[in-house]
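Peer 1: Below is the file target.cif, which contains mmCIF, C-alpha atoms; chains and numbers go by the auth columns.
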data_structure
#
loop_
_atom_site.group_PDB
_atom_site.id
_atom_site.type_symbol
_atom_site.label_atom_id
_atom_site.label_comp_id
_atom_site.label_asym_id
_atom_site.label_seq_id
_atom_site.Cartn_x
_atom_site.Cartn_y
_atom_site.Cartn_z
_atom_site.B_iso_or_equiv
_atom_site.auth_seq_id
_atom_site.auth_asym_id
ATOM 1 C CA MET A 1 36.946 -6.292 107.443 0.00 1 K
ATOM 2 C CA PRO A 2 34.739 -6.246 110.594 0.00 2 K
ATOM 3 C CA GLU A 3 36.401 -7.768 113.628 0.00 3 K
ATOM 4 C CA SER A 4 33.705 -10.452 113.915 0.00 4 K
ATOM 5 C CA LEU A 5 34.426 -11.638 110.364 0.00 5 K
ATOM 6 C CA ASP A 6 38.172 -11.431 110.901 0.00 6 K
ATOM 7 C CA LEU A 7 37.866 -13.835 113.825 0.00 7 K
ATOM 8 C CA LEU A 8 36.339 -16.413 111.505 0.00 8 K
ATOM 9 C CA ARG A 9 39.544 -16.619 109.489 0.00 9 K
ATOM 10 C CA PRO A 10 42.110 -19.294 110.402 0.00 10 K
ATOM 11 C CA SER A 11 44.658 -18.069 112.971 0.00 11 K
ATOM 12 C CA SER A 12 47.511 -18.662 110.512 0.00 12 K
ATOM 13 C CA VAL A 13 45.808 -16.351 107.984 0.00 13 K
ATOM 14 C CA ARG A 14 45.168 -13.691 110.609 0.00 14 K
ATOM 15 C CA GLY A 15 48.784 -13.962 111.750 0.00 15 K
ATOM 16 C CA HIS A 16 50.061 -13.573 108.192 0.00 16 K
ATOM 17 C CA ALA A 17 47.858 -10.506 107.666 0.00 17 K
ATOM 18 C CA LYS A 18 49.170 -8.914 110.868 0.00 18 K
ATOM 19 C CA ARG A 19 52.780 -9.622 109.901 0.00 19 K
ATOM 20 C CA SER A 20 52.205 -8.172 106.428 0.00 20 K
ATOM 21 C CA SER A 21 50.667 -5.051 107.938 0.00 21 K
ATOM 22 C CA ALA A 22 53.532 -4.678 110.418 0.00 22 K
ATOM 23 C CA GLU A 23 56.144 -5.191 107.660 0.00 23 K
ATOM 24 C CA SER A 24 54.403 -2.590 105.487 0.00 24 K
ATOM 25 C CA LEU A 25 54.350 -0.077 108.349 0.00 25 K
ATOM 26 C CA ARG A 26 57.997 -0.749 109.213 0.00 26 K
ATOM 27 C CA SER A 27 59.034 -0.325 105.562 0.00 27 K
ATOM 28 C CA SER A 28 57.170 2.985 105.369 0.00 28 K
ATOM 29 C CA VAL A 29 58.856 4.228 108.548 0.00 29 K
ATOM 30 C CA LEU A 30 62.328 3.167 107.339 0.00 30 K
ATOM 31 C CA ASP A 31 61.762 4.824 103.980 0.00 31 K
ATOM 32 C CA GLY A 32 60.591 8.041 105.606 0.00 32 K
ATOM 33 C CA LEU A 33 63.503 8.204 108.048 0.00 33 K
ATOM 34 C CA ALA A 34 66.065 7.547 105.341 0.00 34 K
ATOM 35 C CA GLN A 35 64.609 10.284 103.131 0.00 35 K
ATOM 36 C CA VAL A 36 64.610 12.792 106.009 0.00 36 K
ATOM 37 C CA TYR A 37 68.229 12.023 106.961 0.00 37 K
ATOM 38 C CA LYS A 38 69.566 12.456 103.433 0.00 38 K
ATOM 39 C CA THR A 39 69.212 16.268 103.311 0.00 39 K
ATOM 40 C CA PRO A 40 71.125 17.175 106.514 0.00 40 K
ATOM 41 C CA LEU A 41 73.803 14.600 105.726 0.00 41 K
ATOM 42 C CA THR A 42 74.345 16.166 102.314 0.00 42 K
ATOM 43 C CA ALA A 43 74.691 19.576 103.998 0.00 43 K
ATOM 44 C CA ILE A 44 77.212 18.236 106.536 0.00 44 K
ATOM 45 C CA LEU A 45 79.324 16.671 103.788 0.00 45 K
ATOM 46 C CA ALA A 46 79.249 19.907 101.786 0.00 46 K
ATOM 47 C CA ALA A 47 80.290 21.893 104.871 0.00 47 K
ATOM 48 C CA SER A 48 83.178 19.568 105.720 0.00 48 K
ATOM 49 C CA ALA A 49 84.388 19.697 102.119 0.00 49 K
ATOM 50 C CA GLY A 50 84.230 23.500 102.225 0.00 50 K
ATOM 51 C CA LEU A 51 86.274 23.641 105.409 0.00 51 K
ATOM 52 C CA SER A 52 88.909 21.342 103.935 0.00 52 K
ATOM 53 C CA GLU A 53 89.184 23.498 100.813 0.00 53 K
ATOM 54 C CA MET A 54 89.653 26.674 102.882 0.00 54 K
ATOM 55 C CA GLY A 55 93.039 25.456 104.064 0.00 55 K
ATOM 56 C CA LYS A 56 95.009 27.111 106.871 0.00 56 K
ATOM 57 C CA LEU A 57 93.605 24.622 109.347 0.00 57 K
ATOM 58 C CA SER A 58 95.667 23.491 112.299 0.00 58 K
ATOM 59 C CA GLU A 59 96.516 19.810 112.505 0.00 59 K
ATOM 60 C CA THR A 60 93.836 19.287 115.163 0.00 60 K
ATOM 61 C CA GLN A 61 91.230 21.168 113.132 0.00 61 K
ATOM 62 C CA ALA A 62 92.077 19.182 110.007 0.00 62 K
ATOM 63 C CA ASP A 63 91.750 15.926 111.958 0.00 63 K
ATOM 64 C CA LEU A 64 88.339 16.969 113.271 0.00 64 K
ATOM 65 C CA VAL A 65 87.113 17.925 109.801 0.00 65 K
ATOM 66 C CA ALA A 66 88.338 14.580 108.451 0.00 66 K
ATOM 67 C CA LEU A 67 86.498 12.794 111.295 0.00 67 K
ATOM 68 C CA ILE A 68 83.285 14.685 110.513 0.00 68 K
ATOM 69 C CA ASP A 69 83.634 13.814 106.835 0.00 69 K
ATOM 70 C CA ASP A 70 84.341 10.115 107.487 0.00 70 K
ATOM 71 C CA GLN A 71 81.461 9.692 109.919 0.00 71 K
ATOM 72 C CA ALA A 72 79.013 11.645 107.747 0.00 72 K
ATOM 73 C CA ARG A 73 79.917 9.494 104.743 0.00 73 K
ATOM 74 C CA LEU A 74 79.459 6.362 106.838 0.00 74 K
ATOM 75 C CA LEU A 75 76.057 7.550 108.057 0.00 75 K
ATOM 76 C CA SER A 76 75.095 8.517 104.501 0.00 76 K
ATOM 77 C CA ASN A 77 76.028 5.027 103.328 0.00 77 K
ATOM 78 C CA LEU A 78 74.026 3.423 106.140 0.00 78 K
ATOM 79 C CA THR A 79 71.071 5.659 105.292 0.00 79 K
ATOM 80 C CA SER A 80 71.231 4.597 101.646 0.00 80 K
ATOM 81 C CA ARG A 81 71.228 0.973 102.765 0.00 81 K
ATOM 82 C CA LEU A 82 68.262 1.678 105.037 0.00 82 K
ATOM 83 C CA LEU A 83 66.356 3.261 102.154 0.00 83 K
ATOM 84 C CA ALA A 84 67.125 0.343 99.840 0.00 84 K
ATOM 85 C CA THR A 85 66.135 -2.088 102.597 0.00 85 K
ATOM 86 C CA ALA A 86 62.731 -0.447 102.971 0.00 86 K
ATOM 87 C CA ARG A 87 62.141 -0.552 99.230 0.00 87 K
ATOM 88 C CA LEU A 88 63.260 -4.165 98.995 0.00 88 K
ATOM 89 C CA ASP A 89 60.781 -5.077 101.728 0.00 89 K
ATOM 90 C CA ALA A 90 58.023 -3.168 99.963 0.00 90 K
ATOM 91 C CA LYS A 91 59.054 -4.746 96.634 0.00 91 K
ATOM 92 C CA GLU A 92 59.245 -1.260 95.122 0.00 92 K
ATOM 93 C CA ILE A 93 62.848 -1.438 93.955 0.00 93 K
ATOM 94 C CA GLU A 94 63.867 -1.848 90.327 0.00 94 K
ATOM 95 C CA LEU A 95 67.076 -3.346 89.009 0.00 95 K
ATOM 96 C CA HIS A 96 69.419 -1.097 87.045 0.00 96 K
ATOM 97 C CA PRO A 97 71.839 -3.675 85.635 0.00 97 K
ATOM 98 C CA LYS A 98 75.037 -2.789 83.824 0.00 98 K
ATOM 99 C CA PRO A 99 78.520 -4.287 83.362 0.00 99 K
ATOM 100 C CA VAL A 100 80.516 -3.744 86.550 0.00 100 K
ATOM 101 C CA GLY A 101 84.155 -4.563 87.256 0.00 101 K
ATOM 102 C CA VAL A 102 84.374 -6.924 90.236 0.00 102 K
ATOM 103 C CA GLU A 103 87.617 -5.422 91.543 0.00 103 K
ATOM 104 C CA PRO A 104 86.300 -1.809 91.624 0.00 104 K
ATOM 105 C CA ILE A 105 83.043 -2.826 93.304 0.00 105 K
ATOM 106 C CA ILE A 106 84.948 -4.671 96.049 0.00 106 K
ATOM 107 C CA ASP A 107 87.243 -1.666 96.522 0.00 107 K
ATOM 108 C CA ASP A 108 84.211 0.614 96.843 0.00 108 K
ATOM 109 C CA ALA A 109 82.496 -1.724 99.311 0.00 109 K
ATOM 110 C CA VAL A 110 85.590 -1.674 101.529 0.00 110 K
ATOM 111 C CA ALA A 111 85.988 2.108 101.208 0.00 111 K
ATOM 112 C CA ALA A 112 82.335 2.687 102.158 0.00 112 K
ATOM 113 C CA ILE A 113 82.811 1.140 105.611 0.00 113 K
ATOM 114 C CA ARG A 114 86.444 2.156 106.125 0.00 114 K
ATOM 115 C CA PRO A 115 85.624 4.036 109.387 0.00 115 K
ATOM 116 C CA LEU A 116 84.280 0.769 110.843 0.00 116 K
ATOM 117 C CA LEU A 117 87.387 -1.187 109.917 0.00 117 K
ATOM 118 C CA GLU A 118 89.611 0.877 112.211 0.00 118 K
ATOM 119 C CA SER A 119 92.877 -1.046 112.552 0.00 119 K
ATOM 120 C CA ARG A 120 91.615 -4.258 110.961 0.00 120 K
ATOM 121 C CA LYS A 121 93.508 -5.657 108.014 0.00 121 K
ATOM 122 C CA VAL A 122 91.403 -6.352 104.932 0.00 122 K
ATOM 123 C CA VAL A 123 92.742 -8.844 102.403 0.00 123 K
ATOM 124 C CA ILE A 124 91.281 -8.872 98.881 0.00 124 K
ATOM 125 C CA GLU A 125 91.835 -11.993 96.788 0.00 125 K
ATOM 126 C CA LEU A 126 90.778 -11.976 93.133 0.00 126 K
ATOM 127 C CA GLU A 127 91.169 -14.882 90.756 0.00 127 K
ATOM 128 C CA ASP A 128 90.882 -12.534 87.761 0.00 128 K
ATOM 129 C CA GLU A 129 91.281 -8.766 88.131 0.00 129 K
ATOM 130 C CA SER A 130 89.471 -8.186 84.823 0.00 130 K
ATOM 131 C CA LEU A 131 86.340 -10.067 85.941 0.00 131 K
ATOM 132 C CA VAL A 132 83.086 -8.296 85.004 0.00 132 K
ATOM 133 C CA LEU A 133 79.622 -8.838 86.468 0.00 133 K
ATOM 134 C CA HIS A 134 76.324 -7.706 84.921 0.00 134 K
ATOM 135 C CA CYS A 135 74.368 -6.462 87.941 0.00 135 K
ATOM 136 C CA ASP A 136 72.741 -3.597 89.800 0.00 136 K
ATOM 137 C CA ARG A 137 75.869 -1.993 91.188 0.00 137 K
ATOM 138 C CA GLN A 138 74.254 -0.295 94.204 0.00 138 K
ATOM 139 C CA LEU A 139 72.508 -3.459 95.346 0.00 139 K
ATOM 140 C CA ILE A 140 75.644 -5.605 95.088 0.00 140 K
ATOM 141 C CA LEU A 141 77.537 -2.903 96.988 0.00 141 K
ATOM 142 C CA MET A 142 74.856 -3.151 99.657 0.00 142 K
ATOM 143 C CA LEU A 143 75.203 -6.938 99.848 0.00 143 K
ATOM 144 C CA LEU A 144 78.996 -6.816 100.149 0.00 144 K
ATOM 145 C CA GLY A 145 78.730 -3.955 102.636 0.00 145 K
ATOM 146 C CA GLN A 146 76.475 -6.051 104.850 0.00 146 K
ATOM 147 C CA TYR A 147 78.865 -8.990 104.771 0.00 147 K
ATOM 148 C CA LEU A 148 81.827 -6.747 105.585 0.00 148 K
ATOM 149 C CA ASP A 149 79.866 -4.974 108.315 0.00 149 K
ATOM 150 C CA ASN A 150 79.082 -8.325 109.953 0.00 150 K
ATOM 151 C CA ALA A 151 82.706 -9.401 109.734 0.00 151 K
ATOM 152 C CA CYS A 152 83.806 -6.149 111.412 0.00 152 K
ATOM 153 C CA LYS A 153 81.360 -6.664 114.270 0.00 153 K
ATOM 154 C CA TYR A 154 82.102 -10.294 115.008 0.00 154 K
ATOM 155 C CA ALA A 155 85.749 -10.899 114.079 0.00 155 K
ATOM 156 C CA ASP A 156 88.101 -11.537 116.975 0.00 156 K
ATOM 157 C CA PRO A 157 90.244 -8.533 117.984 0.00 157 K
ATOM 158 C CA GLY A 158 93.203 -8.234 115.609 0.00 158 K
ATOM 159 C CA ALA A 159 91.790 -10.790 113.173 0.00 159 K
ATOM 160 C CA SER A 160 91.937 -9.932 109.474 0.00 160 K
ATOM 161 C CA ILE A 161 88.971 -9.985 107.106 0.00 161 K
ATOM 162 C CA THR A 162 89.330 -11.625 103.710 0.00 162 K
ATOM 163 C CA ILE A 163 87.061 -10.912 100.769 0.00 163 K
ATOM 164 C CA ARG A 164 87.362 -13.117 97.691 0.00 164 K
ATOM 165 C CA ALA A 165 85.758 -13.339 94.266 0.00 165 K
ATOM 166 C CA VAL A 166 86.057 -16.250 91.842 0.00 166 K
ATOM 167 C CA GLU A 167 84.172 -17.201 88.696 0.00 167 K
ATOM 168 C CA GLN A 168 82.589 -20.654 88.525 0.00 168 K
ATOM 169 C CA ASN A 169 79.900 -21.979 86.189 0.00 169 K
ATOM 170 C CA SER A 170 78.999 -18.531 84.809 0.00 170 K
ATOM 171 C CA LYS A 171 78.681 -17.085 88.302 0.00 171 K
ATOM 172 C CA VAL A 172 80.827 -14.810 90.429 0.00 172 K
ATOM 173 C CA ILE A 173 81.127 -16.248 93.933 0.00 173 K
ATOM 174 C CA PHE A 174 81.830 -13.561 96.534 0.00 174 K
ATOM 175 C CA SER A 175 82.936 -14.580 100.009 0.00 175 K
ATOM 176 C CA VAL A 176 83.816 -12.689 103.183 0.00 176 K
ATOM 177 C CA HIS A 177 85.789 -14.590 105.826 0.00 177 K
ATOM 178 C CA ASN A 178 86.741 -13.842 109.401 0.00 178 K
ATOM 179 C CA ILE A 179 87.870 -15.646 112.533 0.00 179 K
ATOM 180 C CA GLY A 180 85.407 -15.187 115.381 0.00 180 K
ATOM 181 C CA PRO A 181 82.540 -16.900 117.215 0.00 181 K
ATOM 182 C CA ILE A 182 81.485 -20.164 115.577 0.00 182 K
ATOM 183 C CA ILE A 183 77.930 -20.366 114.256 0.00 183 K
ATOM 184 C CA SER A 184 76.277 -23.747 114.845 0.00 184 K
ATOM 185 C CA LYS A 185 74.802 -25.768 111.978 0.00 185 K
ATOM 186 C CA THR A 186 71.326 -25.194 113.400 0.00 186 K
ATOM 187 C CA ASP A 187 71.795 -21.438 113.441 0.00 187 K
ATOM 188 C CA LEU A 188 73.267 -21.436 109.925 0.00 188 K
ATOM 189 C CA GLU A 189 69.991 -22.813 108.569 0.00 189 K
ATOM 190 C CA GLY A 190 68.043 -19.704 109.561 0.00 190 K
ATOM 191 C CA ILE A 191 70.668 -16.978 109.658 0.00 191 K
ATOM 192 C CA PHE A 192 69.438 -15.328 106.454 0.00 192 K
ATOM 193 C CA GLU A 193 65.873 -14.979 107.753 0.00 193 K
ATOM 194 C CA HIS A 194 64.494 -11.891 109.475 0.00 194 K
ATOM 195 C CA TYR A 195 65.677 -11.364 113.056 0.00 195 K
ATOM 196 C CA GLN A 196 67.553 -14.663 113.264 0.00 196 K
ATOM 197 C CA LEU A 197 70.645 -13.935 115.338 0.00 197 K
ATOM 198 C CA PRO A 198 72.877 -16.956 116.049 0.00 198 K
ATOM 199 C CA SER A 199 72.945 -17.983 119.715 0.00 199 K
ATOM 200 C CA SER A 200 76.744 -17.650 119.734 0.00 200 K
ATOM 201 C CA LEU A 201 76.408 -13.937 118.931 0.00 201 K
ATOM 202 C CA VAL A 202 73.687 -13.033 121.436 0.00 202 K
ATOM 203 C CA GLY A 203 74.972 -10.327 123.753 0.00 203 K
ATOM 204 C CA ARG A 204 77.768 -9.262 121.392 0.00 204 K
ATOM 205 C CA THR A 205 75.644 -6.831 119.381 0.00 205 K
ATOM 206 C CA GLU A 206 72.256 -5.130 119.148 0.00 206 K
ATOM 207 C CA ASN A 207 72.006 -6.352 115.548 0.00 207 K
ATOM 208 C CA LYS A 208 69.018 -8.657 115.029 0.00 208 K
ATOM 209 C CA GLY A 209 70.167 -10.232 111.780 0.00 209 K
ATOM 210 C CA PHE A 210 67.973 -8.111 109.524 0.00 210 K
ATOM 211 C CA GLY A 211 70.816 -7.195 107.140 0.00 211 K
ATOM 212 C CA LEU A 212 71.490 -10.792 106.149 0.00 212 K
ATOM 213 C CA SER A 213 67.896 -11.268 105.042 0.00 213 K
ATOM 214 C CA VAL A 214 68.387 -8.243 102.789 0.00 214 K
ATOM 215 C CA ALA A 215 71.557 -9.808 101.351 0.00 215 K
ATOM 216 C CA LYS A 216 69.521 -12.907 100.553 0.00 216 K
ATOM 217 C CA ARG A 217 66.897 -10.835 98.742 0.00 217 K
ATOM 218 C CA ILE A 218 69.491 -8.948 96.723 0.00 218 K
ATOM 219 C CA ALA A 219 71.127 -12.186 95.593 0.00 219 K
ATOM 220 C CA SER A 220 67.720 -13.675 94.749 0.00 220 K
ATOM 221 C CA PHE A 221 66.832 -10.534 92.821 0.00 221 K
ATOM 222 C CA HIS A 222 69.860 -11.273 90.604 0.00 222 K
ATOM 223 C CA GLY A 223 69.081 -14.981 90.282 0.00 223 K
ATOM 224 C CA GLY A 224 71.716 -15.957 92.852 0.00 224 K
ATOM 225 C CA THR A 225 71.888 -17.548 96.300 0.00 225 K
ATOM 226 C CA VAL A 226 73.563 -16.994 99.675 0.00 226 K
ATOM 227 C CA TRP A 227 74.939 -19.352 102.313 0.00 227 K
ATOM 228 C CA ALA A 228 77.470 -19.498 105.124 0.00 228 K
ATOM 229 C CA THR A 229 79.919 -21.949 106.684 0.00 229 K
ATOM 230 C CA SER A 230 81.472 -21.874 110.142 0.00 230 K
ATOM 231 C CA GLY A 231 83.914 -24.051 112.064 0.00 231 K
ATOM 232 C CA GLU A 232 86.659 -23.926 114.670 0.00 232 K
ATOM 233 C CA ALA A 233 89.464 -24.558 112.187 0.00 233 K
ATOM 234 C CA GLU A 234 88.298 -22.521 109.183 0.00 234 K
ATOM 235 C CA GLY A 235 86.419 -19.645 110.839 0.00 235 K
ATOM 236 C CA THR A 236 83.212 -18.169 109.412 0.00 236 K
ATOM 237 C CA THR A 237 82.583 -17.354 105.745 0.00 237 K
ATOM 238 C CA PHE A 238 79.542 -15.795 104.092 0.00 238 K
ATOM 239 C CA PHE A 239 79.007 -16.492 100.398 0.00 239 K
ATOM 240 C CA ALA A 240 76.903 -15.084 97.553 0.00 240 K
ATOM 241 C CA ASP A 241 76.888 -16.404 94.014 0.00 241 K
ATOM 242 C CA ILE A 242 75.685 -13.948 91.365 0.00 242 K
ATOM 243 C CA PRO A 243 75.239 -14.920 87.678 0.00 243 K
ATOM 244 C CA THR A 244 77.699 -13.017 85.483 0.00 244 K
ATOM 245 C CA ALA A 245 74.865 -12.337 83.016 0.00 245 K
ATOM 246 C CA LEU A 246 71.643 -11.191 84.652 0.00 246 K
ATOM 247 C CA GLN A 247 68.862 -13.603 83.753 0.00 247 K
ATOM 248 C CA GLY A 248 66.048 -11.258 84.649 0.00 248 K
ATOM 249 C CA ARG A 249 64.248 -10.272 87.793 0.00 249 K
ATOM 250 C CA THR A 250 63.258 -13.013 90.211 0.00 250 K
ATOM 251 C CA ASN A 251 60.768 -12.826 93.046 0.00 251 K
ATOM 252 C CA LEU A 252 61.975 -11.528 96.359 0.00 252 K
#
Written as structure tokens, how would this file's structure read?
Peer 2:
Amino acid sequence: MPESLDLLRPSSVRGHAKRSSAESLRSSVLDGLAQVYKTPLTAILAASAGLSEMGKLSETQADLVALIDDQARLLSNLTSRLLATARLDAKEIELHPKPVGVEPIIDDAVAAIRPLLESRKVVIELEDESLVLHCDRQLILMLLGQYLDNACKYADPGASITIRAVEQNSKVIFSVHNIGPIISKTDLEGIFEHYQLPSSLVGRTENKGFGLSVAKRIASFHGGTVWATSGEAEGTTFFADIPTALQGRTNL
């Protein structure tokens, strides 16, 4: 559209068009970067596995190979999340639902970010170890990974992280709890929107809150919702309720 005609449009419409264009460009860049990173990461993981299988490594060499493997797996996981994030933003992702055990998916979410947990204690509380959820496994892993990643970043030193799952009203309610900075009620209202970082966390991280907006989209994609609570006595907890039987795709 010619610039002269564009200026005739309401400012709110022009602003929306600019944001849409910027979001589209950012999604394309994220997608491209994630695709490019996948190949060398696969090669690094294959090389570290080969070194481990060779044996006859000194204790120091074995520790270094294990470090390379752990960090490469972590970066591979982050790259997969980046790729899924770009596709969620571009609305190009498709659900691949199947029955998934809740206990195994929580175990895998914890294992995926194990290098970030360092010496933190992770407590898993399940109401029913046989609980099954009909969902897109990779997307739910991404949601739980984001919650756990946030808890790792903001929990007080030495504080444990608790992840729970209970079934209520035909939904599985996941929650991730930690003791750390309190998020005000005002901040809680917008924490799942793009780039909304609570004032209490400013200066503690370079994270701009983008991952929580992705968690919201994943839950919505499954017909669920997300929310958080925070207080001096109880700490901070992030929740996601996901229907046990997928009702069909919803708009992101």
Peer 1: Could you pull the residues within 8 Å of region 223-231 of chain K, counting only C-alpha atoms, minus those fewer than 3 positions along the same chain, as a PyMOL selection string?
Peer 2: chain K and resi 182-185+188+192+215-216+219-220+234-243+246-250
Peer 1: Generate the output file for the selected residues, C-alpha atoms, as an mmCIF file, in the frame of the given file.
Peer 2:
data_model
loop_
_atom_site.group_PDB
_atom_site.id
_atom_site.type_symbol
_atom_site.label_atom_id
_atom_site.label_comp_id
_atom_site.auth_asym_id
_atom_site.auth_seq_id
_atom_site.Cartn_x
_atom_site.Cartn_y
_atom_site.Cartn_z
ATOM 1 C CA ILE K 182 81.485 -20.164 115.577
ATOM 2 C CA ILE K 183 77.930 -20.366 114.256
ATOM 3 C CA SER K 184 76.277 -23.747 114.845
ATOM 4 C CA LYS K 185 74.802 -25.768 111.978
ATOM 5 C CA LEU K 188 73.267 -21.436 109.925
ATOM 6 C CA PHE K 192 69.438 -15.328 106.454
ATOM 7 C CA ALA K 215 71.557 -9.808 101.351
ATOM 8 C CA LYS K 216 69.521 -12.907 100.553
ATOM 9 C CA ALA K 219 71.127 -12.186 95.593
ATOM 10 C CA SER K 220 67.720 -13.675 94.749
ATOM 11 C CA GLU K 234 88.298 -22.521 109.183
ATOM 12 C CA GLY K 235 86.419 -19.645 110.839
ATOM 13 C CA THR K 236 83.212 -18.169 109.412
ATOM 14 C CA THR K 237 82.583 -17.354 105.745
ATOM 15 C CA PHE K 238 79.542 -15.795 104.092
ATOM 16 C CA PHE K 239 79.007 -16.492 100.398
ATOM 17 C CA ALA K 240 76.903 -15.084 97.553
ATOM 18 C CA ASP K 241 76.888 -16.404 94.014
ATOM 19 C CA ILE K 242 75.685 -13.948 91.365
ATOM 20 C CA PRO K 243 75.239 -14.920 87.678
ATOM 21 C CA LEU K 246 71.643 -11.191 84.652
ATOM 22 C CA GLN K 247 68.862 -13.603 83.753
ATOM 23 C CA GLY K 248 66.048 -11.258 84.649
ATOM 24 C CA ARG K 249 64.248 -10.272 87.793
ATOM 25 C CA THR K 250 63.258 -13.013 90.211
#
Peer 1: Excluding Ala49 (chain K) and its own-chain neighbours fewer than 6 positions away, which residues fall within 12 Å of it when counting all atoms listed in the file? Please give them as a ChimeraX atom specification.
Peer 2: /K:42-43,55,62,65-70,72-73
Peer 1: Counting all atoms listed in the file, which residue out of K:Glu94, K:Glu167, K:Glu193, K:Glu232 sits closest to Val132 (chain K)?
Peer 2: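 When distances to Val132 (chain K) are compared using all atoms listed in the file, the smallest one comes from K:Glu167.
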Peer 1: Between CA of Leu212 (chain K) and CA of Ile163 (chain K), what is the distance in Å, rounded to a tenth?
Peer 2: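 Those two atoms sit 16.5 Å apart.
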Peer 1: Could you state the separation of CA of Val166 (chain K) and CA of Leu133 (chain K) in Å, given to one decimal place?
Peer 2: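 These two atoms are separated by 11.2 Å.
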Peer 1: Nearest to Thr79 (chain K): which of K:Met142, K:Ala111, K:Leu126, K:Ile191 is it, counting only C-alpha atoms?
Peer 2: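 Counting only C-alpha atoms, the residue closest to Thr79 (chain K) is K:Met142.
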Peer 1: Give me, as an MDAnalysis selection string, all polymer residues having an atom no more than 8 Å from Val110 (chain K), counting all atoms listed in the file and skipping those fewer than 3 positions away in the same chain.
Peer 2: chainID K and resid 106:107 113:114 145 148
Peer 1: Work out how far apart CA of Arg164 (chain K) and CA of His177 (chain K) are and give it in Å to one decimal.
Peer 2: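 One can read the CA of Arg164 (chain K) to CA of His177 (chain K) distance as 8.4 Å.
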Peer 1: Quick one: everything within 12 Å of Leu64 (chain K), counting only C-alpha atoms, minus sequence neighbours fewer than 5 positions away in the same chain. Send it as a PDB file with C-alpha atoms, keeping the file's coordinate frame.
Peer 2:
ATOM      1  CA  SER K  48      83.178  19.568 105.720  1.00  0.00           C
ATOM      2  CA  LEU K  51      86.274  23.641 105.409  1.00  0.00           C
ATOM      3  CA  SER K  52      88.909  21.342 103.935  1.00  0.00           C
ATOM      4  CA  LEU K  57      93.605  24.622 109.347  1.00  0.00           C
ATOM      5  CA  SER K  58      95.667  23.491 112.299  1.00  0.00           C
ATOM      6  CA  GLU K  59      96.516  19.810 112.505  1.00  0.00           C
ATOM      7  CA  ASP K  69      83.634  13.814 106.835  1.00  0.00           C
ATOM      8  CA  ASP K  70      84.341  10.115 107.487  1.00  0.00           C
ATOM      9  CA  GLN K  71      81.461   9.692 109.919  1.00  0.00           C
TER      10      GLN K  71
END
Peer 1: From the set K:Glu118, K:Asp136, K:Glu53, K:Glu125, which residue has the shortest atom-to-atom contact distance to Ala165 (chain K), counting only C-alpha atoms?
Peer 2: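 Nearest candidate to Ala165 (chain K) out of K:Glu118, K:Asp136, K:Glu53, K:Glu125: K:Glu125.
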Peer 1: Restricting the calculation to all atoms listed in the file, which member of K:Gln146, K:Thr60, K:Gln168, K:Thr186 is positioned closest to Leu131 (chain K)?
Peer 2: K:Gln168
Peer 1: Using only C-alpha atoms for the distances, tell me which of K:Val123, K:Leu116, K:Val214, K:Ile140 is nearest to His96 (chain K).
Peer 2: K:Ile140
Peer 1: Rank nothing, just name the residue among K:Ala159, K:Ala46, K:Val100, K:Ala112 nearest to Thr244 (chain K), using only C-alpha atoms.
Peer 2: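 Selected residue with least distance to Thr244 (chain K): K:Val100.
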Peer 1: Once 3 Å is added on each side, what are the centre and the three edge lengths, in Å to one decimal, of the axis-aligned box enclosing the listed atoms of region 241-244 of chain K? Present them as JSON.
Peer 2:
{"center_x": 76.5, "center_y": -14.7, "center_z": 89.7, "size_x": 8.5, "size_y": 9.4, "size_z": 14.5}
